[in-house]
Each structure stands twice: as structure tokens, then as C-alpha cells.
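Participant: I am sharing target-v4.pdb, which consists of PDB, N, CA and C atoms:
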```pdb
ATOM      1  N   MET A   1     -16.192 -28.243  12.294
ATOM      2  CA  MET A   1     -15.730 -26.988  12.866
ATOM      3  C   MET A   1     -16.608 -25.846  12.350
ATOM      4  N   LYS A   2     -16.808 -24.870  13.194
ATOM      5  CA  LYS A   2     -17.579 -23.701  12.784
ATOM      6  C   LYS A   2     -16.813 -22.913  11.733
ATOM      7  N   LYS A   3     -17.522 -22.045  11.065
ATOM      8  CA  LYS A   3     -16.888 -21.192  10.065
ATOM      9  C   LYS A   3     -15.852 -20.306  10.760
ATOM     10  N   LEU A   4     -14.646 -20.322  10.224
ATOM     11  CA  LEU A   4     -13.559 -19.557  10.832
ATOM     12  C   LEU A   4     -13.635 -18.098  10.404
ATOM     13  N   THR A   5     -13.581 -17.212  11.368
ATOM     14  CA  THR A   5     -13.577 -15.775  11.117
ATOM     15  C   THR A   5     -12.197 -15.231  11.469
ATOM     16  N   PRO A   6     -11.877 -14.016  11.039
ATOM     17  CA  PRO A   6     -10.594 -13.439  11.435
ATOM     18  C   PRO A   6     -10.422 -13.393  12.960
ATOM     19  N   PHE A   7     -11.518 -13.146  13.688
ATOM     20  CA  PHE A   7     -11.439 -13.103  15.150
ATOM     21  C   PHE A   7     -11.020 -14.455  15.715
ATOM     22  N   LEU A   8     -11.638 -15.539  15.221
ATOM     23  CA  LEU A   8     -11.271 -16.876  15.694
ATOM     24  C   LEU A   8      -9.846 -17.235  15.300
ATOM     25  N   LEU A   9      -9.439 -16.825  14.106
ATOM     26  CA  LEU A   9      -8.064 -17.067  13.682
ATOM     27  C   LEU A   9      -7.094 -16.329  14.600
ATOM     28  N   CYS A  10      -7.449 -15.116  14.987
ATOM     29  CA  CYS A  10      -6.624 -14.342  15.911
ATOM     30  C   CYS A  10      -6.474 -15.086  17.239
ATOM     31  N   ILE A  11      -7.558 -15.676  17.731
ATOM     32  CA  ILE A  11      -7.504 -16.438  18.985
ATOM     33  C   ILE A  11      -6.579 -17.646  18.840
ATOM     34  N   LEU A  12      -6.659 -18.338  17.699
ATOM     35  CA  LEU A  12      -5.752 -19.466  17.459
ATOM     36  C   LEU A  12      -4.296 -19.018  17.504
ATOM     37  N   TYR A  13      -4.016 -17.867  16.895
ATOM     38  CA  TYR A  13      -2.640 -17.369  16.894
ATOM     39  C   TYR A  13      -2.191 -16.943  18.284
ATOM     40  N   VAL A  14      -3.078 -16.381  19.081
ATOM     41  CA  VAL A  14      -2.726 -16.029  20.462
ATOM     42  C   VAL A  14      -2.364 -17.293  21.229
ATOM     43  N   GLN A  15      -3.115 -18.376  21.009
ATOM     44  CA  GLN A  15      -2.816 -19.643  21.671
ATOM     45  C   GLN A  15      -1.463 -20.196  21.244
ATOM     46  N   LEU A  16      -1.051 -19.873  20.018
ATOM     47  CA  LEU A  16       0.263 -20.308  19.532
ATOM     48  C   LEU A  16       1.382 -19.347  19.935
ATOM     49  N   GLY A  17       1.021 -18.227  20.580
ATOM     50  CA  GLY A  17       2.033 -17.282  21.045
ATOM     51  C   GLY A  17       2.294 -16.114  20.122
ATOM     52  N   TYR A  18       1.429 -15.899  19.133
ATOM     53  CA  TYR A  18       1.591 -14.791  18.200
ATOM     54  C   TYR A  18       0.570 -13.700  18.505
ATOM     55  N   ASP A  19       0.974 -12.464  18.320
ATOM     56  CA  ASP A  19       0.077 -11.328  18.528
ATOM     57  C   ASP A  19      -0.019 -10.556  17.219
ATOM     58  N   ILE A  20      -1.009 -10.888  16.412
ATOM     59  CA  ILE A  20      -1.180 -10.201  15.129
ATOM     60  C   ILE A  20      -2.585  -9.635  15.062
ATOM     61  N   ASP A  21      -2.710  -8.537  14.360
ATOM     62  CA  ASP A  21      -4.033  -7.933  14.164
ATOM     63  C   ASP A  21      -3.988  -7.010  12.954
ATOM     64  N   GLY A  22      -5.082  -6.353  12.689
ATOM     65  CA  GLY A  22      -5.156  -5.374  11.605
ATOM     66  C   GLY A  22      -4.918  -5.971  10.237
ATOM     67  N   ARG A  23      -4.156  -5.260   9.433
ATOM     68  CA  ARG A  23      -3.889  -5.673   8.057
ATOM     69  C   ARG A  23      -3.161  -7.010   8.011
ATOM     70  N   GLU A  24      -2.221  -7.222   8.942
ATOM     71  CA  GLU A  24      -1.481  -8.481   8.954
ATOM     72  C   GLU A  24      -2.419  -9.667   9.176
ATOM     73  N   LEU A  25      -3.356  -9.516  10.114
ATOM     74  CA  LEU A  25      -4.317 -10.587  10.379
ATOM     75  C   LEU A  25      -5.202 -10.818   9.155
ATOM     76  N   ASN A  26      -5.634  -9.755   8.519
ATOM     77  CA  ASN A  26      -6.468  -9.888   7.331
ATOM     78  C   ASN A  26      -5.718 -10.624   6.218
ATOM     79  N   ASP A  27      -4.443 -10.268   6.008
ATOM     80  CA  ASP A  27      -3.649 -10.940   4.977
ATOM     81  C   ASP A  27      -3.485 -12.427   5.288
ATOM     82  N   VAL A  28      -3.169 -12.737   6.548
ATOM     83  CA  VAL A  28      -3.015 -14.136   6.949
ATOM     84  C   VAL A  28      -4.341 -14.878   6.799
ATOM     85  N   PHE A  29      -5.448 -14.238   7.148
ATOM     86  CA  PHE A  29      -6.759 -14.872   7.042
ATOM     87  C   PHE A  29      -7.055 -15.291   5.606
ATOM     88  N   TRP A  30      -6.802 -14.417   4.644
ATOM     89  CA  TRP A  30      -7.095 -14.756   3.248
ATOM     90  C   TRP A  30      -6.162 -15.829   2.727
ATOM     91  N   ARG A  31      -4.919 -15.825   3.197
ATOM     92  CA  ARG A  31      -3.999 -16.908   2.811
ATOM     93  C   ARG A  31      -4.442 -18.218   3.441
ATOM     94  N   PHE A  32      -4.918 -18.140   4.693
ATOM     95  CA  PHE A  32      -5.442 -19.326   5.371
ATOM     96  C   PHE A  32      -6.603 -19.925   4.581
ATOM     97  N   LYS A  33      -7.514 -19.073   4.129
ATOM     98  CA  LYS A  33      -8.672 -19.560   3.369
ATOM     99  C   LYS A  33      -8.235 -20.279   2.097
ATOM    100  N   SER A  34      -7.235 -19.750   1.414
ATOM    101  CA  SER A  34      -6.793 -20.406   0.176
ATOM    102  C   SER A  34      -6.120 -21.745   0.474
ATOM    103  N   VAL A  35      -5.381 -21.844   1.581
ATOM    104  CA  VAL A  35      -4.773 -23.117   1.966
ATOM    105  C   VAL A  35      -5.861 -24.099   2.385
ATOM    106  N   ALA A  36      -6.858 -23.605   3.132
ATOM    107  CA  ALA A  36      -7.943 -24.469   3.617
ATOM    108  C   ALA A  36      -8.746 -25.071   2.469
ATOM    109  N   GLU A  37      -8.824 -24.373   1.343
ATOM    110  CA  GLU A  37      -9.532 -24.923   0.183
ATOM    111  C   GLU A  37      -8.799 -26.132  -0.385
ATOM    112  N   MET A  38      -7.474 -26.165  -0.238
ATOM    113  CA  MET A  38      -6.672 -27.254  -0.789
ATOM    114  C   MET A  38      -6.470 -28.403   0.203
ATOM    115  N   LYS A  39      -6.466 -28.087   1.505
ATOM    116  CA  LYS A  39      -6.215 -29.101   2.528
ATOM    117  C   LYS A  39      -7.450 -29.281   3.396
ATOM    118  N   LYS A  40      -7.715 -30.513   3.796
ATOM    119  CA  LYS A  40      -8.858 -30.760   4.673
ATOM    120  C   LYS A  40      -8.517 -30.438   6.125
ATOM    121  N   VAL A  41      -7.273 -30.675   6.517
ATOM    122  CA  VAL A  41      -6.851 -30.454   7.901
ATOM    123  C   VAL A  41      -5.724 -29.432   7.908
ATOM    124  N   ILE A  42      -5.900 -28.381   8.700
ATOM    125  CA  ILE A  42      -4.867 -27.354   8.867
ATOM    126  C   ILE A  42      -4.233 -27.568  10.237
ATOM    127  N   THR A  43      -2.923 -27.761  10.253
ATOM    128  CA  THR A  43      -2.213 -28.016  11.506
ATOM    129  C   THR A  43      -1.635 -26.722  12.071
ATOM    130  N   ASP A  44      -1.152 -26.811  13.306
ATOM    131  CA  ASP A  44      -0.469 -25.665  13.909
ATOM    132  C   ASP A  44       0.740 -25.259  13.070
ATOM    133  N   ASP A  45       1.437 -26.246  12.515
ATOM    134  CA  ASP A  45       2.599 -25.940  11.661
ATOM    135  C   ASP A  45       2.179 -25.142  10.430
ATOM    136  N   ASP A  46       1.014 -25.447   9.881
ATOM    137  CA  ASP A  46       0.505 -24.672   8.742
ATOM    138  C   ASP A  46       0.239 -23.231   9.154
ATOM    139  N   LEU A  47      -0.371 -23.055  10.333
ATOM    140  CA  LEU A  47      -0.656 -21.700  10.823
ATOM    141  C   LEU A  47       0.634 -20.923  11.057
ATOM    142  N   ILE A  48       1.628 -21.595  11.631
ATOM    143  CA  ILE A  48       2.917 -20.929  11.879
ATOM    144  C   ILE A  48       3.573 -20.549  10.562
ATOM    145  N   ALA A  49       3.507 -21.434   9.576
ATOM    146  CA  ALA A  49       4.092 -21.125   8.269
ATOM    147  C   ALA A  49       3.406 -19.922   7.636
ATOM    148  N   LEU A  50       2.079 -19.855   7.756
ATOM    149  CA  LEU A  50       1.349 -18.724   7.181
ATOM    150  C   LEU A  50       1.754 -17.410   7.829
ATOM    151  N   VAL A  51       1.838 -17.387   9.150
ATOM    152  CA  VAL A  51       2.170 -16.136   9.832
ATOM    153  C   VAL A  51       3.641 -15.794   9.617
ATOM    154  N   SER A  52       4.496 -16.793   9.521
ATOM    155  CA  SER A  52       5.914 -16.527   9.287
ATOM    156  C   SER A  52       6.133 -15.900   7.920
ATOM    157  N   ASP A  53       5.418 -16.402   6.921
ATOM    158  CA  ASP A  53       5.543 -15.845   5.576
ATOM    159  C   ASP A  53       5.002 -14.431   5.493
ATOM    160  N   GLU A  54       3.909 -14.158   6.181
ATOM    161  CA  GLU A  54       3.198 -12.892   6.020
ATOM    162  C   GLU A  54       3.692 -11.794   6.948
ATOM    163  N   VAL A  55       3.900 -12.111   8.208
ATOM    164  CA  VAL A  55       4.140 -11.077   9.209
ATOM    165  C   VAL A  55       5.616 -10.775   9.404
ATOM    166  N   PHE A  56       6.438 -11.787   9.378
ATOM    167  CA  PHE A  56       7.824 -11.606   9.750
ATOM    168  C   PHE A  56       8.743 -11.463   8.541
ATOM    169  N   GLN A  57       8.374 -10.614   7.636
ATOM    170  CA  GLN A  57       9.202 -10.329   6.474
ATOM    171  C   GLN A  57      10.268  -9.316   6.868
ATOM    172  N   PRO A  58      11.497  -9.555   6.479
ATOM    173  CA  PRO A  58      12.555  -8.613   6.845
ATOM    174  C   PRO A  58      12.401  -7.287   6.115
ATOM    175  N   THR A  59      12.852  -6.233   6.746
ATOM    176  CA  THR A  59      12.862  -4.921   6.131
ATOM    177  C   THR A  59      14.079  -4.824   5.219
ATOM    178  N   VAL A  60      13.864  -4.417   3.988
ATOM    179  CA  VAL A  60      14.967  -4.293   3.036
ATOM    180  C   VAL A  60      15.754  -3.027   3.357
ATOM    181  N   ILE A  61      17.033  -3.202   3.637
ATOM    182  CA  ILE A  61      17.908  -2.065   3.923
ATOM    183  C   ILE A  61      18.900  -1.883   2.780
ATOM    184  N   TRP A  62      19.400  -2.983   2.260
ATOM    185  CA  TRP A  62      20.367  -2.963   1.162
ATOM    186  C   TRP A  62      19.820  -3.776   0.000
ATOM    187  N   LYS A  63      20.133  -3.318  -1.208
ATOM    188  CA  LYS A  63      19.831  -4.094  -2.406
ATOM    189  C   LYS A  63      21.146  -4.324  -3.130
ATOM    190  N   PHE A  64      21.247  -5.475  -3.759
ATOM    191  CA  PHE A  64      22.443  -5.808  -4.507
ATOM    192  C   PHE A  64      22.453  -5.027  -5.811
ATOM    193  N   GLY A  65      23.546  -4.340  -6.091
ATOM    194  CA  GLY A  65      23.660  -3.565  -7.315
ATOM    195  C   GLY A  65      24.482  -4.273  -8.371
ATOM    196  N   ASP A  66      25.736  -4.622  -8.022
ATOM    197  CA  ASP A  66      26.636  -5.199  -9.010
ATOM    198  C   ASP A  66      27.808  -5.835  -8.281
ATOM    199  N   VAL A  67      28.460  -6.772  -8.936
ATOM    200  CA  VAL A  67      29.693  -7.364  -8.407
ATOM    201  C   VAL A  67      30.629  -7.658  -9.571
ATOM    202  N   GLN A  68      31.912  -7.409  -9.328
ATOM    203  CA  GLN A  68      32.948  -7.764 -10.284
ATOM    204  C   GLN A  68      34.009  -8.545  -9.527
ATOM    205  N   LEU A  69      34.336  -9.730 -10.033
ATOM    206  CA  LEU A  69      35.323 -10.592  -9.394
ATOM    207  C   LEU A  69      36.495 -10.804 -10.329
ATOM    208  N   ARG A  70      37.687 -10.732  -9.745
ATOM    209  CA  ARG A  70      38.887 -10.993 -10.529
ATOM    210  C   ARG A  70      39.923 -11.602  -9.601
ATOM    211  N   LEU A  71      40.235 -12.856  -9.859
ATOM    212  CA  LEU A  71      41.151 -13.617  -9.009
ATOM    213  C   LEU A  71      40.706 -13.525  -7.550
ATOM    214  N   SER A  72      41.445 -12.841  -6.708
ATOM    215  CA  SER A  72      41.062 -12.748  -5.293
ATOM    216  C   SER A  72      40.618 -11.333  -4.921
ATOM    217  N   THR A  73      40.074 -10.612  -5.901
ATOM    218  CA  THR A  73      39.605  -9.244  -5.675
ATOM    219  C   THR A  73      38.132  -9.146  -6.056
ATOM    220  N   ALA A  74      37.389  -8.394  -5.252
ATOM    221  CA  ALA A  74      35.963  -8.202  -5.541
ATOM    222  C   ALA A  74      35.617  -6.724  -5.413
ATOM    223  N   THR A  75      34.806  -6.252  -6.332
ATOM    224  CA  THR A  75      34.223  -4.918  -6.258
ATOM    225  C   THR A  75      32.707  -5.117  -6.215
ATOM    226  N   VAL A  76      32.076  -4.506  -5.216
ATOM    227  CA  VAL A  76      30.638  -4.701  -5.003
ATOM    228  C   VAL A  76      29.959  -3.349  -4.919
ATOM    229  N   LYS A  77      28.765  -3.267  -5.553
ATOM    230  CA  LYS A  77      27.927  -2.076  -5.412
ATOM    231  C   LYS A  77      26.640  -2.497  -4.727
ATOM    232  N   LEU A  78      26.349  -1.864  -3.577
ATOM    233  CA  LEU A  78      25.106  -2.085  -2.859
ATOM    234  C   LEU A  78      24.323  -0.783  -2.868
ATOM    235  N   ILE A  79      22.996  -0.895  -2.914
ATOM    236  CA  ILE A  79      22.128   0.281  -2.949
ATOM    237  C   ILE A  79      21.362   0.340  -1.631
ATOM    238  N   VAL A  80      21.491   1.465  -0.935
ATOM    239  CA  VAL A  80      20.807   1.671   0.335
ATOM    240  C   VAL A  80      19.324   1.894   0.050
ATOM    241  N   ASP A  81      18.472   1.649   1.053
ATOM    242  CA  ASP A  81      17.026   1.777   0.840
ATOM    243  C   ASP A  81      16.594   3.184   0.435
ATOM    244  N   ASP A  82      17.426   4.196   0.686
ATOM    245  CA  ASP A  82      17.083   5.562   0.258
ATOM    246  C   ASP A  82      17.567   5.866  -1.161
ATOM    247  N   GLY A  83      18.193   4.859  -1.831
ATOM    248  CA  GLY A  83      18.619   5.022  -3.213
ATOM    249  C   GLY A  83      20.090   5.345  -3.400
ATOM    250  N   THR A  84      20.800   5.699  -2.340
ATOM    251  CA  THR A  84      22.231   5.989  -2.479
ATOM    252  C   THR A  84      23.002   4.703  -2.750
ATOM    253  N   LYS A  85      24.075   4.836  -3.499
ATOM    254  CA  LYS A  85      24.868   3.673  -3.883
ATOM    255  C   LYS A  85      26.192   3.690  -3.125
ATOM    256  N   GLN A  86      26.580   2.530  -2.658
ATOM    257  CA  GLN A  86      27.848   2.348  -1.960
ATOM    258  C   GLN A  86      28.671   1.345  -2.757
ATOM    259  N   ILE A  87      29.904   1.734  -3.100
ATOM    260  CA  ILE A  87      30.784   0.856  -3.865
ATOM    261  C   ILE A  87      32.090   0.715  -3.102
ATOM    262  N   ALA A  88      32.589  -0.525  -3.018
ATOM    263  CA  ALA A  88      33.857  -0.767  -2.337
ATOM    264  C   ALA A  88      34.552  -1.946  -2.998
ATOM    265  N   CYS A  89      35.829  -2.083  -2.665
ATOM    266  CA  CYS A  89      36.660  -3.137  -3.230
ATOM    267  C   CYS A  89      37.467  -3.766  -2.098
ATOM    268  N   SER A  90      37.720  -5.071  -2.209
ATOM    269  CA  SER A  90      38.511  -5.754  -1.196
ATOM    270  C   SER A  90      39.182  -6.966  -1.819
ATOM    271  N   THR A  91      40.196  -7.452  -1.129
ATOM    272  CA  THR A  91      40.867  -8.679  -1.542
ATOM    273  C   THR A  91      40.646  -9.743  -0.475
ATOM    274  N   GLY A  92      40.836 -10.995  -0.873
ATOM    275  CA  GLY A  92      40.670 -12.098   0.066
ATOM    276  C   GLY A  92      41.458 -13.297  -0.408
ATOM    277  N   THR A  93      41.211 -14.431   0.225
ATOM    278  CA  THR A  93      41.919 -15.655  -0.162
ATOM    279  C   THR A  93      41.388 -16.217  -1.479
ATOM    280  N   GLY A  94      40.277 -15.685  -1.939
ATOM    281  CA  GLY A  94      39.665 -16.073  -3.201
ATOM    282  C   GLY A  94      38.542 -15.094  -3.500
ATOM    283  N   PRO A  95      37.853 -15.256  -4.623
ATOM    284  CA  PRO A  95      36.815 -14.292  -4.986
ATOM    285  C   PRO A  95      35.628 -14.258  -4.020
ATOM    286  N   VAL A  96      35.246 -15.409  -3.493
ATOM    287  CA  VAL A  96      34.111 -15.436  -2.570
ATOM    288  C   VAL A  96      34.484 -14.749  -1.263
ATOM    289  N   ASP A  97      35.658 -15.043  -0.740
ATOM    290  CA  ASP A  97      36.126 -14.394   0.489
ATOM    291  C   ASP A  97      36.221 -12.885   0.285
ATOM    292  N   ALA A  98      36.738 -12.475  -0.854
ATOM    293  CA  ALA A  98      36.844 -11.045  -1.148
ATOM    294  C   ALA A  98      35.461 -10.398  -1.217
ATOM    295  N   ALA A  99      34.497 -11.088  -1.808
ATOM    296  CA  ALA A  99      33.138 -10.536  -1.900
ATOM    297  C   ALA A  99      32.523 -10.378  -0.515
ATOM    298  N   TYR A 100      32.703 -11.371   0.357
ATOM    299  CA  TYR A 100      32.191 -11.247   1.718
ATOM    300  C   TYR A 100      32.854 -10.090   2.459
ATOM    301  N   LYS A 101      34.155  -9.945   2.290
ATOM    302  CA  LYS A 101      34.870  -8.869   2.977
ATOM    303  C   LYS A 101      34.403  -7.492   2.509
ATOM    304  N   VAL A 102      34.179  -7.335   1.217
ATOM    305  CA  VAL A 102      33.758  -6.032   0.710
ATOM    306  C   VAL A 102      32.331  -5.707   1.155
ATOM    307  N   VAL A 103      31.460  -6.711   1.232
ATOM    308  CA  VAL A 103      30.112  -6.474   1.745
ATOM    309  C   VAL A 103      30.206  -6.043   3.216
ATOM    310  N   ASP A 104      31.065  -6.698   3.990
ATOM    311  CA  ASP A 104      31.275  -6.297   5.388
ATOM    312  C   ASP A 104      31.765  -4.842   5.481
ATOM    313  N   LEU A 105      32.637  -4.463   4.561
ATOM    314  CA  LEU A 105      33.137  -3.072   4.556
ATOM    315  C   LEU A 105      32.001  -2.075   4.318
ATOM    316  N   ILE A 106      31.138  -2.388   3.387
ATOM    317  CA  ILE A 106      30.050  -1.465   3.046
ATOM    318  C   ILE A 106      29.005  -1.430   4.158
ATOM    319  N   VAL A 107      28.574  -2.604   4.585
ATOM    320  CA  VAL A 107      27.486  -2.693   5.543
ATOM    321  C   VAL A 107      27.955  -2.354   6.958
ATOM    322  N   LYS A 108      29.214  -2.560   7.231
ATOM    323  CA  LYS A 108      29.828  -2.292   8.537
ATOM    324  C   LYS A 108      29.187  -3.121   9.639
ATOM    325  N   VAL A 109      28.984  -4.415   9.341
ATOM    326  CA  VAL A 109      28.446  -5.342  10.344
ATOM    327  C   VAL A 109      29.466  -6.432  10.557
TER
END
```
Mind turning this structure into C-alpha cells?
Facilitator:
Amino acid sequence: MKKLTPFLLCILYVQLGYDIDGRELNDVFWRFKSVAEMKKVITDDDLIALVSDEVFQPTVIWKFGDVQLRLSTATVKLIVDDGTKQIACSTGTGPVDAAYKVVDLIVKV
């Protein structure tokens, strides 16, 4: 195979149904090179794994602050991406259920 360039890698990704360019393509290209040094054959699954790890990272909206559990009650502190803190308390059928309910209360999803 010819020497792979970012342009050729971009064409491979277009054939796989991905549209990446710029910094994301550059990051994937360098990760591809490091994988290629370890493996002789790079499969489509390897390419998909590389782009999935690099490009499709979720945006952090909430960070976990603290949790306190007592019997069937949970108090949770979540930190919003702007730094504000949200604290709430809830009860449930057990501590895990209560923790899920209180996170739902804070996040409102």
C-alpha cells in the first residue's frame, strides 16, 4: 500500500460514511499511525474505533460532585458545566433507586 496521508485517510472515512476534517482528522491520523506501527493490517473496524474514540466524544454538561446514601434516601450534588452546583434529595425503594430519582430531579430528564 502507498504511504497513507491525511487526505487518503479522509477518503477512507468518507467511504465508511464519516465526514471528518480539520483538527479531528489530524488527531485520528496520528492515532492511526500509532496503531499501524503495532498492527500489520488495519481493518474497517479499527478505523471506526479510532474515529469513534476521537470524534464522537460526548460534551460534558454535568459532573458528579458528591452523594450521600442512607437507607432509602439519597442526597446528590451535581456540578453544571458553568460551575454552579445543584443539590437535591429523594427517596426510593432503596439507595440506588433513590440516587437515580434524585439525579432525574436535578437533570430534569
Participant: In Å to one decimal, how far is atom N of Lys3 in chain A from atom C of Ala49 in chain A?
Facilitator: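 Separation between atom C of Ala49 in chain A and atom N of Lys3 in chain A: 21.3 Å.
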Participant: To one decimal place in Å, what is the distance between atom N of Pro6 in chain A and atom C of Tyr18 in chain A?
Facilitator: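 Between atom N of Pro6 in chain A and atom C of Tyr18 in chain A the gap works out to 14.5 Å.
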Participant: What lies within 6 Å of Val80 in chain A using only N, CA and C atoms, ignoring chain neighbours under 6 positions off, as a list of chain:residue names?
Facilitator: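 Near Val80 in chain A, the qualifying residues are A:Ile61, A:Trp62, A:Lys63, A:Gln86.
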Participant: Looking only at helix (DSSP H, G or I) from DSSP on the backbone, list the matching residues of chain A as a PyMOL selection string.
Facilitator: chain A and resi 6-15+22-38+44-54+95-107
Participant: Determine the residue membership of the PyMOL selection byres ((chain A and resi 93-103) around 7) for the file above and supply it as an MDAnalysis selection string.
Facilitator: chainID A and resid 69:76 88:92 104:109
Participant: Just give me the gap between atom N of Asp81 in chain A and CA of Glu24 in chain A in Å, one decimal is fine.
Facilitator: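 We find that atom N of Asp81 in chain A and CA of Glu24 in chain A lie 23.7 Å from each other.
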Participant: When you count only C-alpha atoms, which of these residues is closest to Thr5 in chain A: A:Leu25, A:Ile48, A:Lys85, A:Phe64?
Facilitator: A:Leu25
Participant: What box, with edges along x, y and z, holds each listed atom of range 11-17 of chain A when 8 Å is added on every side, and can you state its centre and edge lengths in Å to one decimal, as AutoDock Vina command-line options?
Facilitator:
```
--center_x -2.6 --center_y -18.0 --center_z 19.3 --size_x 25.9 --size_y 20.6 --size_z 20.8
```
Participant: Which residue gives the smallest distance to Asp44 in chain A among A:Leu16, A:Ile11, A:Val60, A:Leu4, with only N, CA and C atoms counted?
Facilitator: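 That would be A:Leu16, the residue with the smallest distance to Asp44 in chain A.
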Participant: Taking the DSSP assignment computed from this structure's backbone, write out as a PDB file with N, CA and C atoms, in the frame of the given file all residues of chain A that belong to strand (DSSP E or B).
Facilitator:
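Saved the output as part.pdb:
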```pdb
ATOM      1  N   TRP A  62      19.400  -2.983   2.260  1.00  0.00           N
ATOM      2  CA  TRP A  62      20.367  -2.963   1.162  1.00  0.00           C
ATOM      3  C   TRP A  62      19.820  -3.776   0.000  1.00  0.00           C
ATOM      4  N   LYS A  63      20.133  -3.318  -1.208  1.00  0.00           N
ATOM      5  CA  LYS A  63      19.831  -4.094  -2.406  1.00  0.00           C
ATOM      6  C   LYS A  63      21.146  -4.324  -3.130  1.00  0.00           C
ATOM      7  N   PHE A  64      21.247  -5.475  -3.759  1.00  0.00           N
ATOM      8  CA  PHE A  64      22.443  -5.808  -4.507  1.00  0.00           C
ATOM      9  C   PHE A  64      22.453  -5.027  -5.811  1.00  0.00           C
ATOM     10  N   GLY A  65      23.546  -4.340  -6.091  1.00  0.00           N
ATOM     11  CA  GLY A  65      23.660  -3.565  -7.315  1.00  0.00           C
ATOM     12  C   GLY A  65      24.482  -4.273  -8.371  1.00  0.00           C
ATOM     13  N   ASP A  66      25.736  -4.622  -8.022  1.00  0.00           N
ATOM     14  CA  ASP A  66      26.636  -5.199  -9.010  1.00  0.00           C
ATOM     15  C   ASP A  66      27.808  -5.835  -8.281  1.00  0.00           C
ATOM     16  N   VAL A  67      28.460  -6.772  -8.936  1.00  0.00           N
ATOM     17  CA  VAL A  67      29.693  -7.364  -8.407  1.00  0.00           C
ATOM     18  C   VAL A  67      30.629  -7.658  -9.571  1.00  0.00           C
ATOM     19  N   GLN A  68      31.912  -7.409  -9.328  1.00  0.00           N
ATOM     20  CA  GLN A  68      32.948  -7.764 -10.284  1.00  0.00           C
ATOM     21  C   GLN A  68      34.009  -8.545  -9.527  1.00  0.00           C
ATOM     22  N   LEU A  69      34.336  -9.730 -10.033  1.00  0.00           N
ATOM     23  CA  LEU A  69      35.323 -10.592  -9.394  1.00  0.00           C
ATOM     24  C   LEU A  69      36.495 -10.804 -10.329  1.00  0.00           C
ATOM     25  N   ARG A  70      37.687 -10.732  -9.745  1.00  0.00           N
ATOM     26  CA  ARG A  70      38.887 -10.993 -10.529  1.00  0.00           C
ATOM     27  C   ARG A  70      39.923 -11.602  -9.601  1.00  0.00           C
ATOM     28  N   THR A  73      40.074 -10.612  -5.901  1.00  0.00           N
ATOM     29  CA  THR A  73      39.605  -9.244  -5.675  1.00  0.00           C
ATOM     30  C   THR A  73      38.132  -9.146  -6.056  1.00  0.00           C
ATOM     31  N   ALA A  74      37.389  -8.394  -5.252  1.00  0.00           N
ATOM     32  CA  ALA A  74      35.963  -8.202  -5.541  1.00  0.00           C
ATOM     33  C   ALA A  74      35.617  -6.724  -5.413  1.00  0.00           C
ATOM     34  N   THR A  75      34.806  -6.252  -6.332  1.00  0.00           N
ATOM     35  CA  THR A  75      34.223  -4.918  -6.258  1.00  0.00           C
ATOM     36  C   THR A  75      32.707  -5.117  -6.215  1.00  0.00           C
ATOM     37  N   VAL A  76      32.076  -4.506  -5.216  1.00  0.00           N
ATOM     38  CA  VAL A  76      30.638  -4.701  -5.003  1.00  0.00           C
ATOM     39  C   VAL A  76      29.959  -3.349  -4.919  1.00  0.00           C
ATOM     40  N   LYS A  77      28.765  -3.267  -5.553  1.00  0.00           N
ATOM     41  CA  LYS A  77      27.927  -2.076  -5.412  1.00  0.00           C
ATOM     42  C   LYS A  77      26.640  -2.497  -4.727  1.00  0.00           C
ATOM     43  N   LEU A  78      26.349  -1.864  -3.577  1.00  0.00           N
ATOM     44  CA  LEU A  78      25.106  -2.085  -2.859  1.00  0.00           C
ATOM     45  C   LEU A  78      24.323  -0.783  -2.868  1.00  0.00           C
ATOM     46  N   ILE A  79      22.996  -0.895  -2.914  1.00  0.00           N
ATOM     47  CA  ILE A  79      22.128   0.281  -2.949  1.00  0.00           C
ATOM     48  C   ILE A  79      21.362   0.340  -1.631  1.00  0.00           C
ATOM     49  N   VAL A  80      21.491   1.465  -0.935  1.00  0.00           N
ATOM     50  CA  VAL A  80      20.807   1.671   0.335  1.00  0.00           C
ATOM     51  C   VAL A  80      19.324   1.894   0.050  1.00  0.00           C
ATOM     52  N   LYS A  85      24.075   4.836  -3.499  1.00  0.00           N
ATOM     53  CA  LYS A  85      24.868   3.673  -3.883  1.00  0.00           C
ATOM     54  C   LYS A  85      26.192   3.690  -3.125  1.00  0.00           C
ATOM     55  N   GLN A  86      26.580   2.530  -2.658  1.00  0.00           N
ATOM     56  CA  GLN A  86      27.848   2.348  -1.960  1.00  0.00           C
ATOM     57  C   GLN A  86      28.671   1.345  -2.757  1.00  0.00           C
ATOM     58  N   ILE A  87      29.904   1.734  -3.100  1.00  0.00           N
ATOM     59  CA  ILE A  87      30.784   0.856  -3.865  1.00  0.00           C
ATOM     60  C   ILE A  87      32.090   0.715  -3.102  1.00  0.00           C
ATOM     61  N   ALA A  88      32.589  -0.525  -3.018  1.00  0.00           N
ATOM     62  CA  ALA A  88      33.857  -0.767  -2.337  1.00  0.00           C
ATOM     63  C   ALA A  88      34.552  -1.946  -2.998  1.00  0.00           C
ATOM     64  N   CYS A  89      35.829  -2.083  -2.665  1.00  0.00           N
ATOM     65  CA  CYS A  89      36.660  -3.137  -3.230  1.00  0.00           C
ATOM     66  C   CYS A  89      37.467  -3.766  -2.098  1.00  0.00           C
ATOM     67  N   SER A  90      37.720  -5.071  -2.209  1.00  0.00           N
ATOM     68  CA  SER A  90      38.511  -5.754  -1.196  1.00  0.00           C
ATOM     69  C   SER A  90      39.182  -6.966  -1.819  1.00  0.00           C
ATOM     70  N   THR A  91      40.196  -7.452  -1.129  1.00  0.00           N
ATOM     71  CA  THR A  91      40.867  -8.679  -1.542  1.00  0.00           C
ATOM     72  C   THR A  91      40.646  -9.743  -0.475  1.00  0.00           C
TER      73      THR A  91
END
```
